[in-house]
>>> print(open('input_10.cif').read())   # mmCIF, C-alpha atoms
data_coords
#
loop_
_atom_site.label_atom_id
_atom_site.label_comp_id
_atom_site.auth_asym_id
_atom_site.auth_seq_id
_atom_site.Cartn_x
_atom_site.Cartn_y
_atom_site.Cartn_z
CA MET A 1 -20.91 7.47 124.35
CA SER A 2 -21.75 4.61 126.63
CA GLN A 3 -21.36 1.01 125.62
CA SER A 4 -25.08 0.47 125.59
CA THR A 5 -25.63 3.53 123.41
CA SER A 6 -22.99 2.34 120.98
CA ARG A 7 -24.69 -1.03 120.84
CA ARG A 8 -28.01 0.59 120.02
CA GLY A 9 -26.37 2.48 117.20
CA ARG A 10 -25.05 -0.72 115.68
CA ILE A 11 -28.42 -2.35 116.01
CA GLY A 12 -29.94 0.58 114.12
CA ARG A 13 -27.51 0.36 111.21
CA THR A 14 -27.85 -3.38 111.02
CA ALA A 15 -31.58 -3.04 111.04
CA TRP A 16 -31.66 -0.56 108.19
CA SER A 17 -29.31 -2.58 106.03
CA ARG A 18 -31.53 -5.52 106.78
CA ALA A 19 -34.44 -3.43 105.60
CA ALA A 20 -32.76 -2.83 102.29
CA ARG A 21 -32.09 -6.53 101.91
CA TYR A 22 -35.69 -7.30 102.71
CA ALA A 23 -36.87 -4.89 100.07
CA LEU A 24 -34.48 -6.29 97.47
CA ALA A 25 -35.23 -9.88 98.27
CA GLY A 26 -38.94 -9.23 98.30
CA VAL A 27 -39.35 -10.74 101.71
CA VAL A 28 -42.50 -8.77 102.14
CA PHE A 29 -45.23 -9.49 99.69
CA ALA A 30 -48.26 -7.64 98.47
CA ALA A 31 -51.48 -8.49 100.19
CA GLY A 32 -53.01 -9.23 96.84
CA SER A 33 -56.05 -7.15 97.43
CA ALA A 34 -57.48 -4.98 94.73
CA ALA A 35 -57.97 -2.45 97.46
CA ALA A 36 -54.29 -1.64 97.77
CA LEU A 37 -55.07 1.69 99.30
CA ASN A 38 -53.19 3.75 101.78
CA ALA A 39 -56.16 5.31 103.52
CA ASN A 40 -55.74 8.98 104.22
CA THR A 41 -57.65 10.98 106.78
CA GLN A 42 -60.37 13.48 105.96
CA ILE A 43 -61.61 16.31 108.17
CA TYR A 44 -65.02 17.94 108.06
CA ASN A 45 -65.17 21.58 107.01
CA PRO A 46 -68.29 23.14 108.56
CA GLN A 47 -68.01 26.15 106.25
CA THR A 48 -68.23 24.14 103.05
CA ARG A 49 -70.13 21.27 104.71
CA SER A 50 -67.83 18.81 103.05
CA TRP A 51 -65.08 16.36 103.93
CA GLU A 52 -61.64 17.52 102.88
CA ASP A 53 -58.26 15.83 102.83
CA TYR A 54 -56.38 16.13 106.09
CA ASP A 55 -52.99 16.58 104.49
CA PRO A 56 -49.77 17.81 106.16
CA ARG A 57 -50.53 21.47 105.37
CA ARG A 58 -54.02 21.28 106.85
CA ALA A 59 -52.72 19.25 109.81
CA MET A 60 -50.10 21.90 110.57
CA GLU A 61 -52.69 24.66 110.31
CA PHE A 62 -55.06 22.77 112.59
CA PHE A 63 -52.34 22.23 115.18
CA GLN A 64 -51.26 25.86 115.08
CA ARG A 65 -54.84 27.03 115.52
CA HIS A 66 -55.89 24.58 118.25
CA GLY A 67 -52.60 23.63 119.88
CA GLN A 68 -53.56 19.98 119.58
CA THR A 69 -54.69 17.34 117.13
CA PRO A 70 -58.39 16.76 116.33
CA GLN A 71 -60.31 15.30 119.29
CA ALA A 72 -60.59 11.84 117.73
CA PHE A 73 -56.81 11.46 117.92
CA GLN A 74 -56.62 12.35 121.60
CA ARG A 75 -56.16 9.61 124.17
CA ARG A 76 -59.34 8.06 125.55
CA VAL A 77 -60.85 4.83 126.84
CA VAL A 78 -63.18 3.12 124.37
CA THR A 79 -65.14 -0.11 124.08
CA PHE A 80 -63.19 -2.82 122.25
CA ARG A 81 -64.74 -6.27 121.76
CA THR A 82 -61.87 -8.72 121.57
CA ALA A 83 -60.53 -12.03 122.76
CA GLU A 84 -57.00 -10.59 122.81
CA LYS A 85 -55.35 -10.50 126.22
CA PRO A 86 -55.13 -7.26 128.20
CA GLY A 87 -51.76 -5.70 127.43
CA THR A 88 -51.99 -6.45 123.72
CA ILE A 89 -51.49 -3.59 121.28
CA VAL A 90 -53.73 -3.34 118.20
CA ILE A 91 -52.85 -0.79 115.55
CA ASP A 92 -55.49 0.32 113.05
CA GLY A 93 -53.33 2.03 110.46
CA ASP A 94 -56.30 3.00 108.31
CA LYS A 95 -58.09 4.92 111.04
CA HIS A 96 -54.82 6.06 112.65
CA PHE A 97 -55.56 4.57 116.05
CA LEU A 98 -53.50 2.46 118.42
CA TYR A 99 -55.44 0.44 121.01
CA TYR A 100 -53.94 -0.80 124.26
CA ILE A 101 -56.24 -3.60 125.40
CA LEU A 102 -57.66 -3.37 128.92
CA PRO A 103 -59.79 -5.91 130.79
CA ASP A 104 -63.57 -6.01 130.39
CA PHE A 105 -63.69 -5.23 126.66
CA GLN A 106 -62.14 -1.83 126.97
CA ALA A 107 -59.04 -0.25 125.45
CA ILE A 108 -57.08 2.96 125.61
CA ARG A 109 -57.14 4.54 122.17
CA TYR A 110 -54.31 6.79 121.00
CA GLY A 111 -53.97 8.76 117.76
CA ILE A 112 -51.01 7.77 115.61
CA GLY A 113 -49.10 8.60 112.46
CA VAL A 114 -48.18 5.69 110.18
CA GLY A 115 -46.15 4.80 107.10
CA ARG A 116 -46.57 6.85 103.96
CA GLU A 117 -47.50 5.31 100.60
CA GLY A 118 -45.31 2.27 100.03
CA PHE A 119 -44.06 2.20 103.62
CA GLY A 120 -47.15 0.91 105.39
CA TRP A 121 -47.20 -2.69 106.57
CA ALA A 122 -49.37 -5.17 108.41
CA GLY A 123 -48.45 -8.10 110.59
CA ILE A 124 -48.26 -9.68 114.02
CA VAL A 125 -45.12 -8.89 115.98
CA SER A 126 -44.19 -8.28 119.61
CA VAL A 127 -42.46 -5.72 121.78
CA GLY A 128 -38.85 -6.97 121.88
CA ARG A 129 -37.44 -4.20 124.00
CA LYS A 130 -38.14 -0.70 125.30
CA ALA A 131 -35.93 2.35 125.54
CA GLU A 132 -36.10 5.74 127.19
CA TRP A 133 -34.67 8.61 125.16
CA PRO A 134 -33.67 6.22 122.36
CA VAL A 135 -30.79 6.79 119.97
CA TRP A 136 -31.90 7.47 116.39
CA THR A 137 -29.75 6.20 113.55
CA PRO A 138 -30.82 7.46 110.11
CA PRO A 139 -30.91 4.92 107.30
CA ALA A 140 -28.03 4.98 104.82
CA GLU A 141 -30.18 6.41 102.03
CA MET A 142 -31.19 9.34 104.20
CA VAL A 143 -27.59 9.93 105.20
CA ALA A 144 -26.64 10.02 101.52
CA ARG A 145 -29.25 12.61 100.52
CA ASP A 146 -29.57 14.77 103.59
CA PRO A 147 -26.52 16.54 105.05
CA LYS A 148 -28.45 17.19 108.26
CA ALA A 149 -28.94 13.47 108.71
CA ALA A 150 -25.35 12.68 107.69
CA LYS A 151 -23.92 14.10 110.87
CA TYR A 152 -25.98 11.58 112.80
CA ALA A 153 -24.88 8.58 110.74
CA GLY A 154 -23.36 7.13 113.87
CA GLY A 155 -26.52 7.70 115.88
CA MET A 156 -28.28 10.77 117.26
CA PRO A 157 -28.36 10.72 121.06
CA GLY A 158 -31.74 10.86 122.75
CA GLY A 159 -33.10 14.33 123.45
CA PRO A 160 -35.83 16.79 122.56
CA ASP A 161 -34.72 17.08 118.92
CA ASN A 162 -34.47 13.33 118.39
CA PRO A 163 -37.21 12.21 115.94
CA LEU A 164 -37.96 9.14 118.05
CA GLY A 165 -39.06 11.32 120.93
CA PRO A 166 -38.74 10.37 124.58
CA ARG A 167 -39.61 6.66 124.40
CA ALA A 168 -39.51 3.81 121.88
CA LEU A 169 -40.93 0.29 121.76
CA TYR A 170 -38.90 -1.95 119.44
CA LEU A 171 -41.01 -4.39 117.46
CA TYR A 172 -39.61 -7.89 116.99
CA GLU A 173 -40.58 -10.95 115.05
CA GLY A 174 -39.51 -13.73 117.38
CA ASN A 175 -36.00 -12.77 118.45
CA ARG A 176 -35.35 -10.65 115.38
CA ASP A 177 -35.67 -6.86 115.20
CA SER A 178 -38.33 -6.00 112.62
CA ILE A 179 -36.73 -2.52 112.12
CA TYR A 180 -40.08 -0.97 113.05
CA ARG A 181 -40.74 0.94 116.25
CA ILE A 182 -43.55 2.63 118.12
CA HIS A 183 -42.15 5.95 119.28
CA GLY A 184 -42.75 9.63 120.02
CA THR A 185 -42.25 12.50 117.62
CA THR A 186 -40.94 16.01 117.14
CA GLU A 187 -43.86 16.66 114.76
CA PRO A 188 -46.99 16.41 116.93
CA TRP A 189 -49.12 17.83 114.14
CA SER A 190 -48.44 14.70 112.06
CA ILE A 191 -50.73 12.43 114.10
CA GLY A 192 -53.49 11.22 111.77
CA LEU A 193 -51.27 11.25 108.70
CA ASN A 194 -49.38 8.71 106.61
CA VAL A 195 -45.93 10.22 106.92
CA SER A 196 -43.39 7.80 108.36
CA SER A 197 -41.07 5.19 106.91
CA GLY A 198 -43.10 2.45 108.55
CA CYS A 199 -42.75 3.30 112.21
CA ILE A 200 -45.79 4.16 114.31
CA ARG A 201 -45.57 7.56 115.99
CA LEU A 202 -47.54 8.95 118.92
CA ASN A 203 -47.53 12.31 120.61
CA ASN A 204 -44.86 12.39 123.29
CA ASP A 205 -47.30 12.42 126.22
CA ASP A 206 -49.01 9.40 124.71
CA ILE A 207 -45.87 7.37 124.08
CA ILE A 208 -44.77 7.99 127.66
CA ASP A 209 -48.19 6.82 128.88
CA LEU A 210 -48.09 3.75 126.63
CA TYR A 211 -44.48 2.94 127.53
CA GLU A 212 -45.35 2.76 131.23
CA ARG A 213 -48.15 0.27 130.53
CA VAL A 214 -46.58 -2.04 127.95
CA GLN A 215 -44.56 -5.09 128.93
CA VAL A 216 -41.71 -6.54 126.86
CA GLY A 217 -43.18 -9.52 125.03
CA ALA A 218 -46.56 -7.90 124.45
CA LYS A 219 -48.31 -8.95 121.24
CA VAL A 220 -48.72 -6.23 118.61
CA VAL A 221 -51.25 -6.65 115.79
CA VAL A 222 -50.87 -4.17 112.93
CA LEU A 223 -53.84 -3.78 110.59
CA MET A 224 -53.47 -1.80 107.39
CA GLN A 225 -55.65 -2.17 104.33
CA GLY A 226 -53.78 -3.47 101.29
CA ALA A 227 -50.36 -2.99 102.88
CA ALA A 228 -47.44 -5.35 102.53
CA LEU A 229 -47.53 -8.18 105.02
CA TYR A 230 -44.59 -8.53 107.30
CA LYS A 231 -43.06 -11.98 106.84
CA GLY A 232 -44.13 -14.51 109.37
CA VAL A 233 -47.83 -13.91 109.09
CA MET B 1 -66.34 -23.59 101.04
CA THR B 2 -68.94 -21.85 103.13
CA THR B 3 -68.57 -22.60 106.75
CA PRO B 4 -71.32 -21.77 109.19
CA ILE B 5 -70.05 -20.55 112.50
CA PRO B 6 -70.66 -23.23 115.07
CA GLY B 7 -67.83 -22.33 117.37
CA THR B 8 -67.72 -20.85 120.74
CA VAL B 9 -66.25 -17.61 119.42
CA ALA B 10 -69.43 -16.85 117.49
CA ALA B 11 -71.58 -17.42 120.51
CA TRP B 12 -69.19 -15.48 122.67
CA ALA B 13 -69.08 -12.59 120.22
CA GLY B 14 -72.85 -12.54 119.98
CA LEU B 15 -73.20 -12.42 123.73
CA ILE B 16 -70.72 -9.57 123.94
CA GLY B 17 -72.55 -7.71 121.22
CA LEU B 18 -75.88 -8.15 122.94
CA GLY B 19 -74.34 -7.09 126.21
CA LEU B 20 -72.89 -3.97 124.69
CA MET B 21 -76.15 -3.05 123.02
CA ALA B 22 -78.00 -3.60 126.26
CA ALA B 23 -75.52 -1.37 128.02
CA GLY B 24 -76.08 1.34 125.46
CA CYS B 25 -72.52 1.17 124.19
CA ASN B 26 -71.66 2.16 120.67
CA SER B 27 -69.08 0.46 118.53
CA THR B 28 -65.84 2.24 117.74
CA THR B 29 -67.25 3.29 114.37
CA GLN B 30 -66.53 6.94 113.74
CA GLN B 31 -68.92 9.84 113.65
CA ALA B 32 -72.08 9.12 111.69
CA SER B 33 -73.93 12.43 111.79
CA ALA B 34 -73.66 16.10 112.63
CA PRO B 35 -69.90 16.32 112.18
CA SER B 36 -68.07 19.25 113.72
CA GLY B 37 -64.89 20.99 112.62
CA GLN B 38 -63.03 18.46 114.77
CA ALA B 39 -64.55 15.43 113.02
CA VAL B 40 -62.20 13.17 111.11
CA ARG B 41 -62.65 9.94 109.20
CA PRO B 42 -60.59 7.71 106.93
CA ALA B 43 -61.08 8.39 103.23
CA VAL B 44 -61.91 4.70 102.80
CA GLU B 45 -64.29 3.11 105.30
CA THR B 46 -62.95 -0.07 106.86
CA ALA B 47 -64.39 -2.35 109.51
CA PRO B 48 -63.70 -1.41 113.12
CA ALA B 49 -60.51 -3.06 114.33
CA ASP B 50 -62.30 -5.10 116.98
CA LEU B 51 -64.63 -6.63 114.40
CA GLN B 52 -61.69 -7.46 112.14
CA LEU B 53 -60.00 -9.28 115.00
CA LEU B 54 -63.18 -11.14 115.93
CA CYS B 55 -63.27 -12.41 112.33
CA ALA B 56 -59.63 -13.46 112.62
CA ALA B 57 -60.32 -15.32 115.87
CA GLU B 58 -63.23 -17.15 114.31
CA ALA B 59 -61.21 -18.06 111.21
CA ALA B 60 -58.47 -19.48 113.42
CA ASN B 61 -61.12 -21.78 114.92
CA VAL B 62 -62.64 -22.76 111.61
CA TYR B 63 -59.34 -23.52 109.90
CA ALA B 64 -57.58 -24.82 113.03
CA ALA B 65 -54.82 -22.28 112.41
CA PRO B 66 -52.57 -20.71 115.05
CA ALA B 67 -54.02 -17.36 116.13
CA ASP B 68 -50.77 -15.57 115.30
CA LYS B 69 -51.01 -16.76 111.69
CA VAL B 70 -54.36 -15.17 110.92
CA LEU B 71 -54.41 -11.53 109.93
CA PRO B 72 -57.10 -9.26 108.46
CA THR B 73 -55.72 -7.71 105.26
CA ALA B 74 -58.64 -5.59 104.04
CA SER B 75 -62.20 -4.79 104.98
CA ALA B 76 -65.21 -2.81 103.83
CA ARG B 77 -68.81 -2.17 104.75
CA SER B 78 -70.97 -4.68 102.90
CA GLY B 79 -74.41 -3.74 104.16
CA SER B 80 -76.20 -1.39 106.49
CA ALA B 81 -75.01 -3.42 109.48
CA THR B 82 -72.38 -5.78 108.11
CA TYR B 83 -68.74 -5.73 107.07
CA THR B 84 -66.66 -8.00 104.90
CA VAL B 85 -63.17 -8.76 106.17
CA GLU B 86 -60.49 -10.32 103.95
CA LEU B 87 -58.19 -12.61 105.88
CA ASN B 88 -54.79 -14.20 105.41
CA VAL B 89 -55.09 -17.54 107.19
CA ASN B 90 -51.60 -18.96 107.34
CA GLY B 91 -51.04 -17.86 103.74
CA ARG B 92 -54.50 -18.88 102.58
CA PRO B 93 -57.08 -16.22 101.63
CA ALA B 94 -60.50 -16.30 103.26
CA ARG B 95 -63.39 -13.91 103.64
CA CYS B 96 -65.46 -13.25 106.74
CA THR B 97 -68.78 -11.47 107.01
CA ILE B 98 -69.52 -9.99 110.41
CA ASP B 99 -72.28 -7.80 111.74
CA GLU B 100 -71.95 -4.73 113.88
CA SER B 101 -72.85 -6.64 117.03
CA GLY B 102 -69.72 -8.75 116.58
CA THR B 103 -71.35 -11.93 115.31
CA ALA B 104 -69.37 -13.62 112.53
CA ILE B 105 -71.96 -14.73 109.97
CA THR B 106 -69.89 -16.65 107.43
CA ILE B 107 -66.29 -17.53 106.66
CA VAL B 108 -65.58 -18.68 103.12
CA ASP B 109 -62.57 -19.66 101.03
CA VAL B 110 -61.60 -17.13 98.40
#
>>> encode(input="input_10.cif", output="structure tokens")
Amino acid sequence: MSQSTSRRGRIGRTAWSRAARYALAGVVFAAGSAAALNANTQIYNPQTRSWEDYDPRRAMEFFQRHGQTPQAFQRRVVTFRTAEKPGTIVIDGDKHFLYYILPDFQAIRYGIGVGREGFGWAGIVSVGRKAEWPVWTPPAEMVARDPKAAKYAGGMPGGPDNPLGPRALYLYEGNRDSIYRIHGTTEPWSIGLNVSSGCIRLNNDDIIDLYERVQVGAKVVVLMQGAALYKGV
Amino acid sequence: MTTPIPGTVAAWAGLIGLGLMAAGCNSTTQQASAPSGQAVRPAVETAPADLQLLCAAEAANVYAAPADKVLPTASARSGSATYTVELNVNGRPARCTIDESGTAITIVDV
């Protein structure tokens, strides 16, 4: 294991222990909205002419049948009226979209998966660093309950089975690692769902596309209805 | 406190909105009719992200707050062409009403 890889592993463990401290200390706080909702996705069923929950089972079935996610979650250029600078990332956790701001009121829109109930968050952070084929270090609680994760307690090297996928953008608050990342996935069917522990996941083709565009230091705005606010906002 | 929107952001947003309408552009609002088997939507309708951020930009002006300390925390449709956006302005709650063209109508203390 190279020195840099080892360093990334330590950063991961430190980050997760920091996460536990944050949770215990209540560093994040509730948004205080009565609408403390973790918005799920619905999909239209033409047979029943009704909107139905797009849950993991239905998402897997859809992906198996079509070989891709619903069209809305596929990468495209859209109109986006904003004063934010080109290069900024805006994440709409409720609609499961990530926008990469372009000039002339346009943006590239990607489908994403976000944090499950209790793991969603909102805030303003920045891209602190980027990594190709990042090391994944499972949190201590996962190591304790899952023997498969335990063998990677020291860090799972980058590769096709790594849950972070081929690229990762590390989100920082100032000079401090927020513990959250924007990364790829080994579960492409999960785009559009609330499934993660707070990270934002994209399909692997999309994270590679985004990675090539994003500069370290880029502003990242995370919107999520009723979610905990990351400290600093 | 009800604060009319005198600032440049409101005028700017209005101009953008008019420009987009003139160009025949739609907002990023999801499918409104004739959904297909590919159509998806959030279970709870929120304001489009760009409108939420326009509200945040306007609130930063009104409250003289740093832009990185203003964050939309919740939103909902409040009329046929308007949304209400709840804001955290440097720890202080505020509410913005914005129309679909991107014009912030009011910002009030909560």
>>> residues_near_point(input="input_10.cif", point="(-58.8, -15.9, 115.5)", cutoff="9 Å", atoms="only C-alpha atoms", output="PyMOL selection string")
(chain A and resi 83) or (chain B and resi 9+53-62+65-71)
>>> axis_aligned_box(input="input_10.cif", around="range 198-208 of chain A", padding_each_side="8 Å", output="lines of an AutoDock Vina configuration file")
center_x = -45.9
center_y = 7.4
center_z = 118.1
size_x = 22.3
size_y = 26.0
size_z = 35.1
>>> resolve_selection(input="input_10.cif", expression="the PyMOL selection byres ((chain B) within 7 of (chain A))", output="JSON, numbers by chain")
{"B": [27, 28, 35, 36, 37, 38, 39, 40, 41, 42, 43, 44, 49, 50, 53, 54, 68, 69, 70, 71, 72, 73, 74, 90]}
>>> residues_around(input="input_10.cif", residues="Gly115 in chain A", least_positions_apart="5", cutoff="7 Å", atoms="all atoms listed in the file", output="ChimeraX atom specification")
/A:120,194-199
>>> atom_distance(input="input_10.cif", atom1="CA of Tyr63 in chain B", atom2="CA of Ala104 in chain B")
14.3 Å
>>> residues_around(input="input_10.cif", residues="Val216 in chain A", least_positions_apart="2", cutoff="6 Å", atoms="only C-alpha atoms", output="PDB file with C-alpha atoms, in the coordinates of the input")
ATOM      1  CA  VAL A 127     -42.460  -5.720 121.780  1.00  0.00           C
ATOM      2  CA  GLY A 128     -38.850  -6.970 121.880  1.00  0.00           C
ATOM      3  CA  ARG A 129     -37.440  -4.200 124.000  1.00  0.00           C
ATOM      4  CA  ALA A 218     -46.560  -7.900 124.450  1.00  0.00           C
TER       5      ALA A 218
END
>>> atom_distance(input="input_10.cif", atom1="CA of Gly158 in chain A", atom2="CA of Val135 in chain A")
5.0 Å
>>> residues_around(input="input_10.cif", residues="Val77 in chain A", least_positions_apart="3", cutoff="6 Å", atoms="all atoms listed in the file", output="MDAnalysis selection string")
chainID A and resid 107:109
>>> closest_residue(input="input_10.cif", among="A:Ala59, A:Val143, A:Ala153, A:Val220", to="Tyr170 in chain A", atoms="all atoms listed in the file")
A:Val220
>>> closest_residue(input="input_10.cif", among="A:Gly87, A:Ser190, A:Ser126, A:Ala149", to="Arg176 in chain A", atoms="all atoms listed in the file")
A:Ser126
>>> atom_distance(input="input_10.cif", atom1="CA of Gln52 in chain B", atom2="CA of Ala76 in chain B")
10.2 Å
>>> resolve_selection(input="input_10.cif", expression="the PyMOL selection byres ((chain A and resi 138) around 10)", output="list in words")
Gly9, Gly12, Arg13, Trp16, Val135, Trp136, Thr137, Pro139, Ala140, Glu141, Met142, Val143, Ala144, Asp146, Ala149, Ala150, Lys151, Tyr152, Ala153, Gly154, Gly155, Met156 and Pro163 of chain A
>>> residues_around(input="input_10.cif", residues="Thr82 in chain B", least_positions_apart="4", cutoff="7 Å", atoms="only C-alpha atoms", output="number ranges by chain")
B: 77-78, 97-100
>>> decode(input="input_10.cif", residues="range 64-75 of chain B", atoms="N, CA and C atoms", output="mmCIF file, in the first residue's frame")
data_model
loop_
_atom_site.group_PDB
_atom_site.id
_atom_site.type_symbol
_atom_site.label_atom_id
_atom_site.label_comp_id
_atom_site.auth_asym_id
_atom_site.auth_seq_id
_atom_site.Cartn_x
_atom_site.Cartn_y
_atom_site.Cartn_z
ATOM 1 N N ALA B 64 -28.221 41.894 4.341
ATOM 2 C CA ALA B 64 -26.777 42.187 4.311
ATOM 3 C C ALA B 64 -25.980 41.042 4.935
ATOM 4 N N ALA B 65 -26.340 39.834 4.544
ATOM 5 C CA ALA B 65 -25.681 38.637 5.077
ATOM 6 C C ALA B 65 -24.718 38.081 4.028
ATOM 7 N N PRO B 66 -23.640 37.431 4.464
ATOM 8 C CA PRO B 66 -22.760 36.783 3.484
ATOM 9 C C PRO B 66 -23.530 35.711 2.699
ATOM 10 N N ALA B 67 -23.272 35.623 1.419
ATOM 11 C CA ALA B 67 -24.021 34.688 0.568
ATOM 12 C C ALA B 67 -23.857 33.244 1.025
ATOM 13 N N ASP B 68 -22.703 32.914 1.616
ATOM 14 C CA ASP B 68 -22.496 31.528 2.038
ATOM 15 C C ASP B 68 -23.105 31.240 3.413
ATOM 16 N N LYS B 69 -23.872 32.189 3.934
ATOM 17 C CA LYS B 69 -24.572 31.977 5.207
ATOM 18 C C LYS B 69 -26.086 32.001 5.029
ATOM 19 N N VAL B 70 -26.527 31.914 3.798
ATOM 20 C CA VAL B 70 -27.964 31.899 3.525
ATOM 21 C C VAL B 70 -28.295 30.612 2.784
ATOM 22 N N LEU B 71 -29.177 29.826 3.367
ATOM 23 C CA LEU B 71 -29.490 28.529 2.768
ATOM 24 C C LEU B 71 -30.992 28.272 2.799
ATOM 25 N N PRO B 72 -31.573 27.883 1.657
ATOM 26 C CA PRO B 72 -32.968 27.432 1.675
ATOM 27 C C PRO B 72 -33.081 26.132 2.472
ATOM 28 N N THR B 73 -34.085 26.041 3.342
ATOM 29 C CA THR B 73 -34.238 24.844 4.177
ATOM 30 C C THR B 73 -35.507 24.064 3.854
ATOM 31 N N ALA B 74 -36.469 24.708 3.216
ATOM 32 C CA ALA B 74 -37.709 24.027 2.836
ATOM 33 C C ALA B 74 -38.420 24.895 1.805
ATOM 34 N N SER B 75 -39.286 24.283 1.044
ATOM 35 C CA SER B 75 -40.035 25.060 0.055
ATOM 36 C C SER B 75 -41.287 24.294 -0.340
#
